[in-house]
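Peer 1: Structure: entry18.cif, mmCIF, C-alpha atoms (C1' of nucleotides).
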data_entry
loop_
_atom_site.label_atom_id
_atom_site.label_comp_id
_atom_site.auth_asym_id
_atom_site.auth_seq_id
_atom_site.Cartn_x
_atom_site.Cartn_y
_atom_site.Cartn_z
CA MET A 18 -8.50 12.08 -34.31
CA SER A 19 -11.69 10.57 -32.99
CA LEU A 20 -13.12 13.37 -30.89
CA PRO A 21 -14.15 15.68 -33.73
CA HIS A 22 -15.90 12.79 -35.45
CA ALA A 23 -17.66 11.76 -32.27
CA ILE A 24 -18.95 15.32 -32.05
CA LEU A 25 -20.04 15.37 -35.70
CA THR A 26 -21.98 12.15 -35.11
CA ALA A 27 -23.66 13.54 -32.02
CA LEU A 28 -24.58 16.76 -33.82
CA LEU A 29 -26.03 14.82 -36.74
CA GLU A 30 -28.19 12.85 -34.34
CA LYS A 31 -29.38 16.15 -32.88
CA PRO A 32 -28.09 19.76 -33.16
CA SER A 33 -27.02 20.92 -29.71
CA SER A 34 -25.19 23.52 -27.67
CA GLY A 35 -21.88 22.82 -25.99
CA LEU A 36 -23.43 21.98 -22.66
CA GLU A 37 -26.08 19.74 -24.18
CA LEU A 38 -23.33 17.87 -26.00
CA THR A 39 -21.44 17.46 -22.76
CA ARG A 40 -24.53 15.96 -21.12
CA ARG A 41 -25.18 13.62 -24.02
CA PHE A 42 -21.55 12.50 -24.03
CA ASP A 43 -21.89 11.62 -20.37
CA LYS A 44 -24.75 9.26 -21.07
CA SER A 45 -24.23 7.64 -24.44
CA ILE A 46 -21.51 8.41 -26.97
CA GLY A 47 -19.09 9.13 -24.17
CA PHE A 48 -19.18 5.49 -23.12
CA PHE A 49 -16.86 4.79 -26.02
CA TRP A 50 -15.12 8.14 -26.19
CA ALA A 51 -15.34 10.29 -23.09
CA ALA A 52 -14.85 14.05 -23.30
CA THR A 53 -15.01 16.92 -20.82
CA HIS A 54 -16.78 20.18 -21.56
CA GLN A 55 -13.42 21.90 -22.07
CA GLN A 56 -12.48 19.50 -24.84
CA ILE A 57 -15.89 19.86 -26.42
CA TYR A 58 -15.91 23.65 -26.52
CA ARG A 59 -12.41 23.72 -27.95
CA GLU A 60 -13.31 21.16 -30.59
CA LEU A 61 -16.55 22.96 -31.50
CA GLY A 62 -14.49 26.09 -32.12
CA LYS A 63 -12.12 24.20 -34.42
CA LEU A 64 -14.93 22.49 -36.30
CA GLU A 65 -16.70 25.81 -36.86
CA GLN A 66 -13.50 27.43 -38.11
CA SER A 67 -12.96 24.53 -40.51
CA GLY A 68 -16.43 25.08 -41.91
CA LEU A 69 -17.70 21.63 -40.95
CA ILE A 70 -20.38 22.92 -38.55
CA ARG A 71 -22.03 26.27 -37.91
CA ALA A 72 -23.83 28.01 -35.09
CA ILE A 73 -27.54 28.14 -35.91
CA PRO A 74 -28.46 31.84 -36.24
CA GLY A 75 -32.15 31.23 -35.35
CA PRO A 76 -33.30 32.74 -32.02
CA PRO A 77 -31.19 35.92 -31.72
CA ALA A 78 -30.13 35.63 -28.07
CA GLN A 79 -31.82 32.99 -25.98
CA GLY A 80 -29.44 33.36 -23.11
CA ARG A 81 -25.90 32.86 -24.32
CA ARG A 82 -26.40 29.37 -25.72
CA LYS A 83 -25.05 28.58 -29.13
CA GLU A 84 -26.65 25.71 -31.02
CA TYR A 85 -24.50 24.02 -33.61
CA GLU A 86 -25.50 22.00 -36.64
CA VAL A 87 -23.50 19.95 -39.14
CA LEU A 88 -22.89 21.41 -42.61
CA PRO A 89 -22.75 19.27 -45.77
CA SER A 90 -18.94 19.34 -45.74
CA GLY A 91 -19.08 18.01 -42.19
CA ARG A 92 -21.26 15.12 -43.24
CA GLU A 93 -18.83 14.34 -46.06
CA GLU A 94 -15.88 14.44 -43.69
CA LEU A 95 -17.66 12.03 -41.36
CA ALA A 96 -18.52 9.63 -44.19
CA ALA A 97 -14.87 9.68 -45.28
CA TRP A 98 -13.79 8.94 -41.72
CA VAL A 99 -16.16 5.98 -41.48
CA ALA A 100 -14.42 4.47 -44.50
CA ARG A 101 -10.95 5.00 -43.02
CA SER A 102 -9.13 2.29 -41.17
CA ASP A 103 -7.49 2.43 -37.79
CA GLU A 104 -5.58 0.20 -35.42
CA PRO A 105 -7.42 -0.95 -32.30
CA ARG A 106 -6.25 1.03 -29.29
CA ALA A 107 -4.17 -0.80 -26.74
CA LEU A 108 -6.17 -1.21 -23.60
CA ARG A 109 -4.95 0.34 -20.36
CA ASP A 110 -6.10 -1.13 -17.12
CA PRO A 111 -4.42 -0.12 -13.86
CA LEU A 112 -6.32 -2.73 -11.84
CA ALA A 113 -4.88 -5.62 -13.85
CA LEU A 114 -1.49 -4.01 -13.35
CA ARG A 115 -2.11 -3.87 -9.61
CA LEU A 116 -2.80 -7.59 -9.56
CA ARG A 117 0.49 -8.36 -11.26
CA ALA A 118 2.25 -6.04 -8.86
CA ALA A 119 0.49 -7.78 -5.97
CA ALA A 120 1.89 -11.04 -7.27
CA MET A 121 5.36 -9.62 -6.57
CA VAL A 122 4.87 -7.62 -3.35
CA GLY A 123 1.87 -9.43 -1.85
CA VAL A 124 -1.74 -8.36 -1.41
CA GLY A 125 -1.94 -5.60 1.22
CA GLU A 126 -4.15 -5.70 4.34
CA GLY A 127 -7.51 -6.00 2.69
CA SER A 128 -7.20 -2.82 0.69
CA LEU A 129 -6.79 -4.64 -2.61
CA GLY A 130 -9.84 -6.80 -1.98
CA ALA A 131 -11.86 -3.72 -1.10
CA GLU A 132 -10.71 -2.02 -4.27
CA VAL A 133 -11.71 -5.05 -6.34
CA ARG A 134 -15.20 -5.07 -4.81
CA ARG A 135 -15.53 -1.33 -5.31
CA HIS A 136 -14.79 -1.73 -9.01
CA LEU A 137 -17.18 -4.66 -9.16
CA GLY A 138 -19.92 -2.42 -7.81
CA LEU A 139 -19.20 0.27 -10.37
CA HIS A 140 -19.34 -2.21 -13.25
CA VAL A 141 -22.55 -3.80 -11.97
CA ALA A 142 -24.14 -0.35 -11.87
CA GLN A 143 -22.97 0.40 -15.40
CA LEU A 144 -24.28 -2.94 -16.63
CA ASP A 145 -27.69 -2.18 -15.12
CA ALA A 146 -27.69 1.25 -16.74
CA TYR A 147 -26.95 -0.26 -20.16
CA ARG A 148 -29.67 -2.86 -19.74
CA ALA A 149 -32.18 -0.19 -18.84
CA MET A 150 -31.19 1.75 -21.95
CA GLU A 151 -31.65 -1.39 -24.03
CA THR A 152 -35.19 -2.15 -22.86
CA ARG A 153 -36.09 1.54 -23.26
CA ASP A 154 -34.55 2.23 -26.67
CA PHE A 155 -34.68 -1.16 -28.39
CA PRO A 156 -37.82 -2.89 -27.16
CA ASP A 157 -38.71 -4.90 -30.29
CA GLY A 158 -35.63 -7.05 -30.88
CA LYS A 159 -35.63 -7.90 -34.57
CA ARG A 160 -37.64 -5.15 -36.24
CA ASP A 161 -35.07 -2.37 -35.96
CA SER A 162 -34.21 -0.07 -38.85
CA ALA A 163 -30.69 -0.06 -40.29
CA GLU A 164 -29.59 2.85 -38.12
CA ALA A 165 -31.18 1.33 -35.04
CA LYS A 166 -29.42 -1.97 -35.67
CA LEU A 167 -26.03 -0.29 -35.68
CA GLN A 168 -26.78 1.75 -32.59
CA HIS A 169 -28.07 -1.38 -30.87
CA LEU A 170 -24.83 -3.19 -31.68
CA VAL A 171 -22.83 -0.47 -30.01
CA LEU A 172 -24.99 -0.68 -26.90
CA GLN A 173 -24.61 -4.45 -26.90
CA ALA A 174 -20.84 -3.98 -26.93
CA GLY A 175 -21.23 -1.97 -23.74
CA ILE A 176 -23.40 -4.64 -22.18
CA GLU A 177 -21.13 -7.53 -23.04
CA MET A 178 -18.09 -5.54 -21.98
CA GLU A 179 -19.57 -4.93 -18.54
CA ARG A 180 -20.66 -8.54 -18.31
CA PHE A 181 -17.06 -9.50 -18.93
CA TRP A 182 -15.78 -7.12 -16.23
CA THR A 183 -18.27 -8.21 -13.58
CA GLY A 184 -17.62 -11.89 -14.24
CA TRP A 185 -13.89 -11.45 -14.12
CA LEU A 186 -13.93 -9.24 -11.02
CA GLU A 187 -15.96 -11.88 -9.17
CA GLN A 188 -13.25 -14.44 -9.88
CA VAL A 189 -10.61 -11.95 -8.80
CA ASP A 190 -12.47 -11.22 -5.60
CA ALA A 191 -12.56 -14.90 -4.70
CA VAL A 192 -8.84 -15.40 -5.28
CA VAL A 193 -7.78 -12.21 -3.52
CA ALA A 194 -9.96 -13.02 -0.50
CA GLU A 195 -8.32 -16.42 -0.30
CA LEU A 196 -4.82 -14.93 -0.46
CA GLU A 197 -5.63 -12.27 2.10
CA ALA A 198 -6.76 -15.03 4.47
CA GLU A 199 -3.52 -16.97 3.97
CA GLN A 200 -0.97 -14.19 4.48
CA PRO A 201 -2.21 -11.70 7.07
CA MET B 6 0.93 7.27 -12.75
CA SER B 7 0.83 3.64 -13.84
CA LEU B 8 3.86 3.39 -16.10
CA PRO B 9 6.55 3.65 -13.39
CA HIS B 10 4.76 0.98 -11.36
CA ALA B 11 4.42 -1.28 -14.36
CA ILE B 12 8.17 -0.97 -14.81
CA LEU B 13 8.86 -1.66 -11.14
CA THR B 14 6.74 -4.80 -11.38
CA ALA B 15 8.56 -5.98 -14.49
CA LEU B 16 11.95 -5.33 -12.90
CA LEU B 17 10.97 -7.24 -9.78
CA GLU B 18 9.97 -10.18 -11.92
CA LYS B 19 13.39 -9.99 -13.57
CA PRO B 20 16.11 -7.29 -13.67
CA SER B 21 16.52 -6.09 -17.23
CA SER B 22 18.00 -3.51 -19.55
CA GLY B 23 15.88 -0.91 -21.31
CA LEU B 24 15.59 -2.91 -24.49
CA GLU B 25 14.78 -6.13 -22.68
CA LEU B 26 12.02 -4.30 -20.84
CA THR B 27 10.66 -3.00 -24.12
CA ARG B 28 10.54 -6.56 -25.48
CA ARG B 29 8.86 -7.91 -22.39
CA PHE B 30 6.31 -5.11 -22.44
CA ASP B 31 5.47 -6.07 -26.00
CA LYS B 32 4.62 -9.60 -25.01
CA SER B 33 3.10 -9.55 -21.55
CA ILE B 34 2.76 -6.58 -19.21
CA GLY B 35 2.22 -4.30 -22.14
CA PHE B 36 -1.08 -6.01 -22.90
CA PHE B 37 -2.56 -3.98 -20.06
CA TRP B 38 -0.26 -0.98 -20.24
CA ALA B 39 1.62 -0.50 -23.49
CA ALA B 40 4.81 1.54 -23.62
CA THR B 41 7.34 2.42 -26.30
CA HIS B 42 11.07 2.26 -25.76
CA GLN B 43 11.24 6.05 -25.53
CA GLN B 44 8.82 6.10 -22.63
CA ILE B 45 10.66 3.28 -20.92
CA TYR B 46 14.10 4.87 -21.13
CA ARG B 47 12.74 8.18 -19.88
CA GLU B 48 10.99 6.48 -16.99
CA LEU B 49 14.04 4.37 -16.10
CA GLY B 50 16.01 7.59 -15.81
CA LYS B 51 13.42 9.12 -13.49
CA LEU B 52 13.17 5.99 -11.34
CA GLU B 53 16.94 5.82 -10.97
CA GLN B 54 17.13 9.50 -10.01
CA SER B 55 14.40 8.94 -7.42
CA GLY B 56 16.45 6.15 -5.92
CA LEU B 57 13.82 3.47 -6.53
CA ILE B 58 15.98 1.41 -8.89
CA ARG B 59 19.67 1.28 -9.75
CA ALA B 60 21.87 0.15 -12.60
CA ILE B 61 23.60 -3.09 -11.63
CA PRO B 62 27.37 -2.35 -11.55
CA GLY B 63 28.33 -6.02 -12.23
CA PRO B 64 29.95 -6.70 -15.64
CA PRO B 65 31.86 -3.44 -16.33
CA ALA B 66 31.00 -2.89 -19.97
CA GLN B 67 29.26 -5.69 -21.78
CA GLY B 68 28.43 -3.58 -24.78
CA ARG B 69 26.57 -0.50 -23.62
CA ARG B 70 23.68 -2.30 -21.93
CA LYS B 71 22.59 -1.17 -18.53
CA GLU B 72 20.77 -3.67 -16.34
CA TYR B 73 18.47 -2.22 -13.72
CA GLU B 74 17.23 -3.75 -10.48
CA VAL B 75 14.66 -2.59 -7.93
CA LEU B 76 15.91 -1.17 -4.61
CA PRO B 77 14.07 -1.71 -1.29
CA SER B 78 12.52 1.77 -1.52
CA GLY B 79 11.19 0.81 -4.94
CA ARG B 80 9.56 -2.29 -3.56
CA GLU B 81 7.97 -0.21 -0.79
CA GLU B 82 6.68 2.33 -3.29
CA LEU B 83 5.13 -0.47 -5.34
CA ALA B 84 3.48 -2.04 -2.28
CA ALA B 85 2.04 1.36 -1.38
CA TRP B 86 0.72 1.76 -4.92
CA VAL B 87 -0.96 -1.65 -4.80
CA ALA B 88 -2.90 -0.49 -1.75
CA ARG B 89 -3.99 2.76 -3.43
CA SER B 90 -7.32 3.12 -5.16
CA ASP B 91 -8.06 4.39 -8.60
CA GLU B 92 -11.00 5.01 -10.88
CA PRO B 93 -11.42 2.63 -13.82
CA ARG B 94 -10.26 4.27 -17.02
CA ALA B 95 -12.93 5.21 -19.52
CA LEU B 96 -12.62 2.97 -22.52
CA ARG B 97 -11.90 4.47 -25.93
CA ASP B 98 -12.90 2.55 -29.00
CA PRO B 99 -12.87 4.22 -32.39
CA LEU B 100 -14.52 1.26 -34.11
CA ALA B 101 -17.65 1.50 -31.96
CA LEU B 102 -17.65 5.21 -32.75
CA ARG B 103 -17.46 4.38 -36.45
CA LEU B 104 -20.53 2.19 -36.18
CA ARG B 105 -22.52 4.99 -34.61
CA ALA B 106 -21.29 7.37 -37.26
CA ALA B 107 -22.26 4.81 -39.92
CA ALA B 108 -25.76 4.80 -38.44
CA MET B 109 -25.96 8.47 -39.45
CA VAL B 110 -24.12 8.61 -42.77
CA GLY B 111 -24.55 5.03 -43.96
CA VAL B 112 -22.08 2.18 -44.31
CA GLY B 113 -19.63 2.95 -47.12
CA GLU B 114 -18.92 0.68 -50.10
CA GLY B 115 -17.69 -2.36 -48.24
CA SER B 116 -14.84 -0.58 -46.54
CA LEU B 117 -16.50 -0.72 -43.12
CA GLY B 118 -17.18 -4.44 -43.44
CA ALA B 119 -13.58 -5.03 -44.45
CA GLU B 120 -12.39 -3.02 -41.47
CA VAL B 121 -14.58 -5.04 -39.13
CA ARG B 122 -13.22 -8.31 -40.47
CA ARG B 123 -9.66 -7.01 -40.25
CA HIS B 124 -10.16 -6.21 -36.58
CA LEU B 125 -11.78 -9.60 -36.07
CA GLY B 126 -8.64 -11.23 -37.47
CA LEU B 127 -6.41 -9.23 -35.13
CA HIS B 128 -8.45 -10.18 -32.08
CA VAL B 129 -8.57 -13.85 -33.08
CA ALA B 130 -4.79 -13.83 -33.37
CA GLN B 131 -4.44 -12.19 -29.97
CA LEU B 132 -6.83 -14.69 -28.43
CA ASP B 133 -4.77 -17.56 -29.82
CA ALA B 134 -1.59 -15.98 -28.47
CA TYR B 135 -3.10 -15.68 -24.98
CA ARG B 136 -4.31 -19.25 -25.06
CA ALA B 137 -0.87 -20.47 -26.06
CA MET B 138 0.61 -18.52 -23.14
CA GLU B 139 -1.92 -20.11 -20.81
CA THR B 140 -1.15 -23.73 -21.74
CA ARG B 141 2.55 -22.95 -21.60
CA ASP B 142 2.71 -20.98 -18.33
CA PHE B 143 -0.21 -22.41 -16.33
CA PRO B 144 -0.49 -26.07 -17.28
CA ASP B 145 -1.75 -27.46 -13.95
CA GLY B 146 -4.98 -25.59 -13.33
CA LYS B 147 -5.57 -25.65 -9.59
CA ARG B 148 -2.16 -26.14 -8.04
CA ASP B 149 -0.76 -22.68 -8.68
CA SER B 150 1.10 -20.72 -6.03
CA ALA B 151 -0.30 -17.41 -4.78
CA GLU B 152 1.73 -15.34 -7.24
CA ALA B 153 0.88 -17.67 -10.10
CA LYS B 154 -2.82 -17.44 -9.30
CA LEU B 155 -2.75 -13.64 -9.59
CA GLN B 156 -0.73 -13.72 -12.79
CA HIS B 157 -3.08 -16.32 -14.20
CA LEU B 158 -6.08 -14.11 -13.40
CA VAL B 159 -4.55 -11.28 -15.37
CA LEU B 160 -3.96 -13.55 -18.34
CA GLN B 161 -7.55 -14.80 -18.07
CA ALA B 162 -8.73 -11.22 -18.26
CA GLY B 163 -6.90 -10.95 -21.56
CA ILE B 164 -8.47 -14.18 -22.81
CA GLU B 165 -12.01 -13.26 -21.84
CA MET B 166 -11.56 -9.76 -23.19
CA GLU B 167 -10.54 -11.11 -26.60
CA ARG B 168 -13.35 -13.64 -26.50
CA PHE B 169 -15.73 -10.75 -25.99
CA TRP B 170 -14.26 -8.81 -28.92
CA THR B 171 -14.30 -11.72 -31.34
CA GLY B 172 -17.87 -12.63 -30.42
CA TRP B 173 -19.09 -9.08 -30.78
CA LEU B 174 -17.22 -8.42 -34.01
CA GLU B 175 -18.81 -11.52 -35.55
CA GLN B 176 -22.23 -10.11 -34.78
CA VAL B 177 -21.17 -6.74 -36.19
CA ASP B 178 -19.88 -8.36 -39.35
CA ALA B 179 -23.21 -10.09 -39.96
CA VAL B 180 -25.22 -6.88 -39.53
CA VAL B 181 -22.87 -4.72 -41.58
CA ALA B 182 -22.83 -7.28 -44.41
CA GLU B 183 -26.61 -7.25 -44.42
CA LEU B 184 -26.74 -3.45 -44.56
CA GLU B 185 -24.12 -3.26 -47.29
CA ALA B 186 -26.24 -5.63 -49.38
CA GLU B 187 -29.36 -3.48 -48.92
CA GLN B 188 -27.97 -0.05 -49.78
CA PRO B 189 -25.35 -0.34 -52.53
"C1'" DC C 12 -30.55 43.46 -5.57
"C1'" DG C 13 -27.76 39.70 -4.13
"C1'" DG C 14 -26.51 34.90 -4.25
"C1'" DA C 15 -26.78 30.29 -6.63
"C1'" DG C 16 -26.16 27.96 -10.63
"C1'" DC C 17 -25.92 27.75 -15.51
"C1'" DA C 18 -23.14 28.18 -19.68
"C1'" DT C 19 -18.97 29.10 -22.09
"C1'" DG C 20 -14.64 29.53 -22.12
"C1'" DT C 21 -8.85 30.14 -21.01
"C1'" DA C 22 -4.30 28.51 -19.22
"C1'" DA C 23 -0.95 25.40 -17.49
"C1'" DG C 24 0.87 20.96 -17.19
"C1'" DC C 25 1.47 16.02 -18.12
"C1'" DG C 26 1.65 11.71 -20.41
"C1'" DG C 27 2.06 9.58 -24.74
"C1'" DT C 28 3.34 9.55 -29.73
"C1'" DT C 29 6.30 10.41 -33.60
"C1'" DA C 30 10.44 11.65 -35.60
"C1'" DC C 31 15.07 12.12 -35.31
"C1'" DA C 32 20.08 11.43 -33.35
"C1'" DT C 33 24.10 8.92 -31.74
"C1'" DG C 34 27.37 5.43 -30.54
"C1'" DA C 35 28.50 0.62 -30.31
"C1'" DT C 36 28.44 -4.20 -32.18
"C1'" DT C 37 28.03 -7.52 -35.52
"C1'" DT C 38 28.25 -9.20 -40.38
"C1'" DC C 39 29.90 -9.60 -44.93
"C1'" DG D 2 36.24 -1.30 -43.54
"C1'" DA D 3 31.49 -0.46 -44.99
"C1'" DA D 4 26.75 -1.62 -44.06
"C1'" DA D 5 23.33 -3.25 -41.13
"C1'" DT D 6 21.55 -3.68 -36.79
"C1'" DC D 7 21.46 -3.14 -31.84
"C1'" DA D 8 20.90 -0.16 -27.91
"C1'" DT D 9 20.08 4.13 -25.82
"C1'" DG D 10 18.65 8.18 -25.95
"C1'" DT D 11 16.57 13.67 -27.30
"C1'" DA D 12 13.14 16.87 -29.05
"C1'" DA D 13 8.82 18.48 -30.63
"C1'" DC D 14 4.16 17.94 -30.80
"C1'" DC D 15 -0.60 16.86 -29.51
"C1'" DG D 16 -4.54 15.46 -26.95
"C1'" DC D 17 -6.33 15.10 -22.48
"C1'" DT D 18 -6.78 16.66 -17.54
"C1'" DT D 19 -7.13 19.99 -13.93
"C1'" DA D 20 -7.76 24.36 -12.25
"C1'" DC D 21 -9.33 28.69 -12.83
"C1'" DA D 22 -12.11 32.82 -15.06
"C1'" DT D 23 -16.08 35.24 -16.84
"C1'" DG D 24 -20.73 36.58 -17.96
"C1'" DC D 25 -25.46 35.51 -17.82
"C1'" DT D 26 -30.00 34.05 -15.79
"C1'" DC D 27 -33.05 32.66 -12.43
"C1'" DC D 28 -35.00 32.95 -7.85
"C1'" DG D 29 -35.95 34.71 -3.37
#
Would you write out, as structure tokens, the structure that this file holds?

Peer 2:
Amino acid sequence: MSLPHAILTALLEKPSSGLELTRRFDKSIGFFWAATHQQIYRELGKLEQSGLIRAIPGPPAQGRRKEYEVLPSGREELAAWVARSDEPRALRDPLALRLRAAAMVGVGEGSLGAEVRRHLGLHVAQLDAYRAMETRDFPDGKRDSAEAKLQHLVLQAGIEMERFWTGWLEQVDAVVAELEAEQP
Amino acid sequence: MSLPHAILTALLEKPSSGLELTRRFDKSIGFFWAATHQQIYRELGKLEQSGLIRAIPGPPAQGRRKEYEVLPSGREELAAWVARSDEPRALRDPLALRLRAAAMVGVGEGSLGAEVRRHLGLHVAQLDAYRAMETRDFPDGKRDSAEAKLQHLVLQAGIEMERFWTGWLEQVDAVVAELEAEQP
DNA sequence: CGGAGCATGTAAGCGGTTACATGATTTC
DNA sequence: GAAATCATGTAACCGCTTACATGCTCCG
């Protein structure tokens, strides 16, 4: 039940249309809870029906775009959710699985090494993106407001997570390259 | 499509019954791809029907337990899967989401801090478990065989992942405690 | 006015989760 | 021989993914 609350949070930060939300998910909240536009539209419909958000009546028909904003009951629901507790989600990583499988059937003909380096590239790019966001959005380290501190922490989780992946994938690359050399 | 291949890997490591597999998933492979016994039984049925594994005929009826083993076609399928490529899965973390939500609606009355520390405890426990596995299964650092090296890498991913979580959650705890003190 | 793309949706299918069912084995 | 537990399943649901559909707007 996280998606509706992710949307409520995003709408509190800034009222938006469905497409705007989709864009913003792609570049910030979505890093910790991805969602496609189909999910978002469906969820917006449900949230509106539940009376937690509403379409802003404002400009009568600026195209077909509907802007949504959070109602007081929506804010209450979100505050209640923040206080709830939840088990951490089990992580799912096919690449780690592939390595264990490779331990049983052997590393292929270079394809596994290539895949490892491809992933490494993706994580390096993501790490750079996060770092750019950090210098842009949180320039003065210690003087952040309460809200900014929390948002900064979330971004730091992204940064340290990607640092972990890149470091680990470099080790993996070294070992896989060695094994590929041994058994051709 | 990772679950069937996770099962093939586990069965190659050691032929097992459904329940045994469930147990082993809980304490090793499952760390990177969790599965319940219902999923496992369903998947075993599919894999047997596809001719990738078979129930070992051996001891006629030792209780009702069925032991499965991987057939040559199953090994081939797994090798082909190892060579395939795949996008990294988007991570999903409700706790990070909660922090962002808390940035908008405020940290509750200590419940968020308690939740953070609860998660911290869980990750510390997991980290200890991984470390125990490492000293038990990989005592002599550099002299591992090819298979052992790959398996060790996967375990190290688990260790570094948990190290990341515990480090980050400690930071989070400090900030949340501070904010809870400010706004009662 | 015609084509490109923007914006909002609908429908089908799949994998995973939760709840329930059934027989067989062990324990008291 | 009754209760508890082990072992293997079945069924229903729910969220996410993929593919497709529809209307609107902008631009040449």

Peer 1: Within 8 Å of chain C, which residues of chain A are there when counting only C-alpha atoms (C1' of nucleotides)? Please give them as a ChimeraX atom specification.

Peer 2: /A:35-36,55,58,81-82

Peer 1: Using C-alpha atoms, can you write the selected residues to a file as a PDB file, keeping the file's coordinate frame?

Peer 2:
ATOM      1  CA  GLY A  35     -21.880  22.820 -25.990  1.00  0.00           C
ATOM      2  CA  LEU A  36     -23.430  21.980 -22.660  1.00  0.00           C
ATOM      3  CA  GLN A  55     -13.420  21.900 -22.070  1.00  0.00           C
ATOM      4  CA  TYR A  58     -15.910  23.650 -26.520  1.00  0.00           C
ATOM      5  CA  ARG A  81     -25.900  32.860 -24.320  1.00  0.00           C
ATOM      6  CA  ARG A  82     -26.400  29.370 -25.720  1.00  0.00           C
TER       7      ARG A  82
END

Peer 1: Given the file shown, enumerate the residues that the PyMOL selection byres ((chain B) within 6 of (chain A)) captures and present them as a CSV table (one decimal) with C-alpha atoms, keeping the file's coordinate frame.

Peer 2:
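What landed in out_2.csv:
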chain,number,residue,atom,x,y,z
B,14,THR,CA,6.7,-4.8,-11.4
B,37,PHE,CA,-2.6,-4.0,-20.1
B,38,TRP,CA,-0.3,-1.0,-20.2
B,84,ALA,CA,3.5,-2.0,-2.3
B,87,VAL,CA,-1.0,-1.6,-4.8
B,88,ALA,CA,-2.9,-0.5,-1.8
B,96,LEU,CA,-12.6,3.0,-22.5
B,97,ARG,CA,-11.9,4.5,-25.9
B,98,ASP,CA,-12.9,2.6,-29.0
B,101,ALA,CA,-17.6,1.5,-32.0
B,103,ARG,CA,-17.5,4.4,-36.4
B,105,ARG,CA,-22.5,5.0,-34.6
B,106,ALA,CA,-21.3,7.4,-37.3
B,108,ALA,CA,-25.8,4.8,-38.4
B,110,VAL,CA,-24.1,8.6,-42.8
B,116,SER,CA,-14.8,-0.6,-46.5
B,117,LEU,CA,-16.5,-0.7,-43.1
B,152,GLU,CA,1.7,-15.3,-7.2
B,155,LEU,CA,-2.8,-13.6,-9.6
B,156,GLN,CA,-0.7,-13.7,-12.8
B,159,VAL,CA,-4.6,-11.3,-15.4

Peer 1: Using all atoms listed in the file, tabulate the residues of chain D lying at most 10 Å from any atom of chain B, each with its closest atom pair and that distance in Å to one decimal, by chain and increasing residue number, as JSON lines.

Peer 2:
{"residue": "D:DC7", "atom": "C1'", "partner": "B:Leu24", "partner_atom": "CA", "distance": 9.4}
{"residue": "D:DA8", "atom": "C1'", "partner": "B:Leu24", "partner_atom": "CA", "distance": 6.9}
{"residue": "D:DT9", "atom": "C1'", "partner": "B:Tyr46", "partner_atom": "CA", "distance": 7.6}
{"residue": "D:DG10", "atom": "C1'", "partner": "B:Tyr46", "partner_atom": "CA", "distance": 7.4}
{"residue": "D:DT11", "atom": "C1'", "partner": "B:Gln43", "partner_atom": "CA", "distance": 9.5}

Peer 1: State, in Å with one decimal place, the distance from CA of Leu26 in chain B to C1' of DT6 in chain D.

Peer 2: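 It comes out at 18.6 Å.
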
Peer 1: Calculate how many Å separate CA of Gln44 in chain B from CA of Ile61 in chain B, rounding to one decimal.

Peer 2: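 Between CA of Gln44 in chain B and CA of Ile61 in chain B the gap works out to 20.6 Å.
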
Peer 1: Using Å and a single decimal, report how far CA of Glu72 in chain B sits from CA of Lys51 in chain B.

Peer 2: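 About the pair CA of Lys51 in chain B and CA of Glu72 in chain B: they are 15.0 Å apart.
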